[in-house]
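Below is coords_27.txt, which holds compact mmCIF, C-alpha atoms.
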# COMPACT_ATOMS: atom_id res chain seq x y z
CA MET U 1374 7.72 -2.02 24.64
CA LYS U 1375 5.37 -0.30 27.06
CA LYS U 1376 1.77 0.12 25.91
CA SER U 1377 0.39 3.63 25.76
CA LYS U 1378 -3.20 4.72 26.22
CA THR U 1379 -3.46 5.17 22.45
CA ASP U 1380 -2.50 1.58 21.62
CA ALA U 1381 -5.34 -0.38 20.02
CA ARG U 1382 -5.92 -4.11 19.92
CA VAL U 1383 -7.01 -5.52 16.55
CA ILE U 1384 -8.75 -8.85 16.11
CA ALA U 1385 -8.70 -10.33 12.62
CA ARG U 1386 -9.98 -13.62 11.24
CA LEU U 1387 -7.43 -15.37 9.04
CA ASP U 1388 -8.08 -18.40 6.86
CA ALA U 1389 -5.56 -21.23 6.68
CA ASN U 1390 -3.61 -19.63 3.80
CA GLU U 1391 -3.38 -16.27 5.58
CA GLN U 1392 -2.29 -18.00 8.79
CA ALA U 1393 0.47 -19.72 6.84
CA LEU U 1394 1.57 -16.39 5.35
CA LEU U 1395 1.69 -14.79 8.78
CA ARG U 1396 3.60 -17.74 10.23
CA ARG U 1397 6.14 -17.57 7.37
CA ALA U 1398 6.58 -13.80 7.81
CA ARG U 1399 7.23 -14.31 11.53
CA GLU U 1400 9.71 -17.13 10.90
CA VAL U 1401 11.64 -15.30 8.19
CA THR U 1402 11.81 -11.94 9.97
CA GLY U 1403 12.01 -13.17 13.55
CA LYS U 1404 9.39 -10.56 14.43
CA ASN U 1405 6.23 -11.12 16.43
CA THR U 1406 2.73 -10.92 14.97
CA SER U 1407 2.24 -7.27 15.96
CA ALA U 1408 5.48 -6.17 14.28
CA VAL U 1409 4.66 -8.09 11.09
CA ILE U 1410 1.17 -6.63 10.86
CA LYS U 1411 2.37 -3.07 11.59
CA ALA U 1412 5.04 -3.31 8.86
CA ALA U 1413 2.52 -4.75 6.39
CA LEU U 1414 0.04 -1.97 7.20
CA ARG U 1415 2.66 0.76 6.65
CA GLN U 1416 3.66 -0.79 3.32
CA TYR U 1417 0.04 -1.20 2.22
CA VAL U 1418 -0.89 2.40 3.02
CA ALA U 1419 2.21 3.71 1.24
CA SER U 1420 1.13 1.84 -1.90
CA LEU U 1421 -2.39 3.27 -1.97
CA PRO U 1422 -3.34 5.65 -4.76
CA GLY U 1423 -3.16 9.19 -3.57
CA ALA U 1424 -0.15 8.66 -1.39
CA SER U 1425 1.96 11.76 -1.83
CA PRO U 1426 4.95 11.36 -4.13
CA ILE U 1427 7.25 12.51 -1.35
CA ALA U 1428 5.89 9.79 0.95
CA ILE U 1429 6.33 7.16 -1.74
CA PHE U 1430 9.90 8.29 -2.50
CA ARG U 1431 10.76 8.39 1.20
CA GLU U 1432 9.32 4.90 1.76
CA ARG U 1433 11.23 3.48 -1.22
CA GLY U 1434 14.53 5.03 -0.16
CA VAL U 1435 14.82 7.37 -3.14
CA ILE U 1436 15.18 10.50 -1.02
CA GLY U 1437 18.74 10.83 0.10
CA ALA U 1438 19.99 8.21 -2.35
CA VAL U 1439 22.00 10.76 -4.33
CA SER U 1440 24.38 13.38 -3.04
CA GLY U 1441 24.97 16.78 -4.53
CA PRO U 1442 24.62 20.48 -3.88
CA THR U 1443 21.79 21.28 -1.47
CA ASP U 1444 20.81 24.31 -3.55
CA LEU U 1445 20.74 22.51 -6.91
CA SER U 1446 17.06 23.32 -7.50
CA GLU U 1447 17.87 27.03 -7.17
CA LYS U 1448 21.23 27.20 -8.96
CA TYR U 1449 21.00 24.38 -11.50
CA LYS U 1450 21.54 26.75 -14.45
CA GLU U 1451 24.87 27.80 -12.98
CA LEU U 1452 25.92 24.29 -11.96
CA VAL U 1453 24.86 22.16 -14.95
CA ASP U 1454 27.19 22.08 -17.96
CA TYR U 1455 25.10 22.70 -21.06
CA ALA U 1456 28.12 22.75 -23.40
CA THR U 1457 27.32 19.36 -24.88
CA LYS U 1458 23.61 20.02 -25.36
CA HIS U 1459 22.56 19.52 -28.99
CA GLY U 1460 26.00 18.36 -30.02
CA GLY U 1461 27.69 21.56 -29.25

Show me, as structure tokens, the structure contained in the file I just sent.
Amino acid sequence: MKKSKTDARVIARLDANEQALLRRAREVTGKNTSAVIKAALRQYVASLPGASPIAIFRERGVIGAVSGPTDLSEKYKELVDYATKHGG
């Protein structure tokens, strides 16, 4: 991947346990240190309080997980069968 002018280098001090975690992540995923750290940063930020619900749902794969009419939010009263509501 070609570096752009906006790329930034990060230097972090890791203790022995953190080094082992990073090594394991690289071994399991087959990704380099940069890719592992970028993925961890994206996941961490998505989990922070205040992340928008839409961002959280998108990150977790909820959006697009169900198919149905694209206009359901507008026409749900016409499309949903209420015949069995309240036993009737």

Measure the distance from atom CA of U:Ala1381 to atom CA of U:Phe1430 in Å and round it to one decimal.
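These atoms are spaced 28.5 Å apart.
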
Compare U:Ala1398, U:Ile1410, U:Lys1404, U:Ile1427 by their minimum atom-to-atom distance to U:Val1383, counting all atoms listed in the file, and give me the closest one.
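Distance minimum relative to U:Val1383 lands on U:Ile1410.
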
Residues near U:Arg1399, cut-off 10 Å, only C-alpha atoms, skip fewer than 5 positions along chain, as a PyMOL selection string
chain U and resi 1393-1394+1404-1410

Taking all atoms of stretch 1386-1392 of chain U that the file lists, what box with edges along x, y and z, padded by 4 Å per side, do you get, with centre and edge lengths in Å to one decimal, as lines of an AutoDock Vina configuration file?
center_x = -6.1
center_y = -17.4
center_z = 7.5
size_x = 15.7
size_y = 15.6
size_z = 15.4

Give me, please, the distance in Å between atom CA of U:Pro1426 and atom CA of U:Leu1445, quoted to one decimal.
19.5 Å

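Atom CA of U:Glu1391 lies 28.6 Å from atom CA of U:Ser1377.
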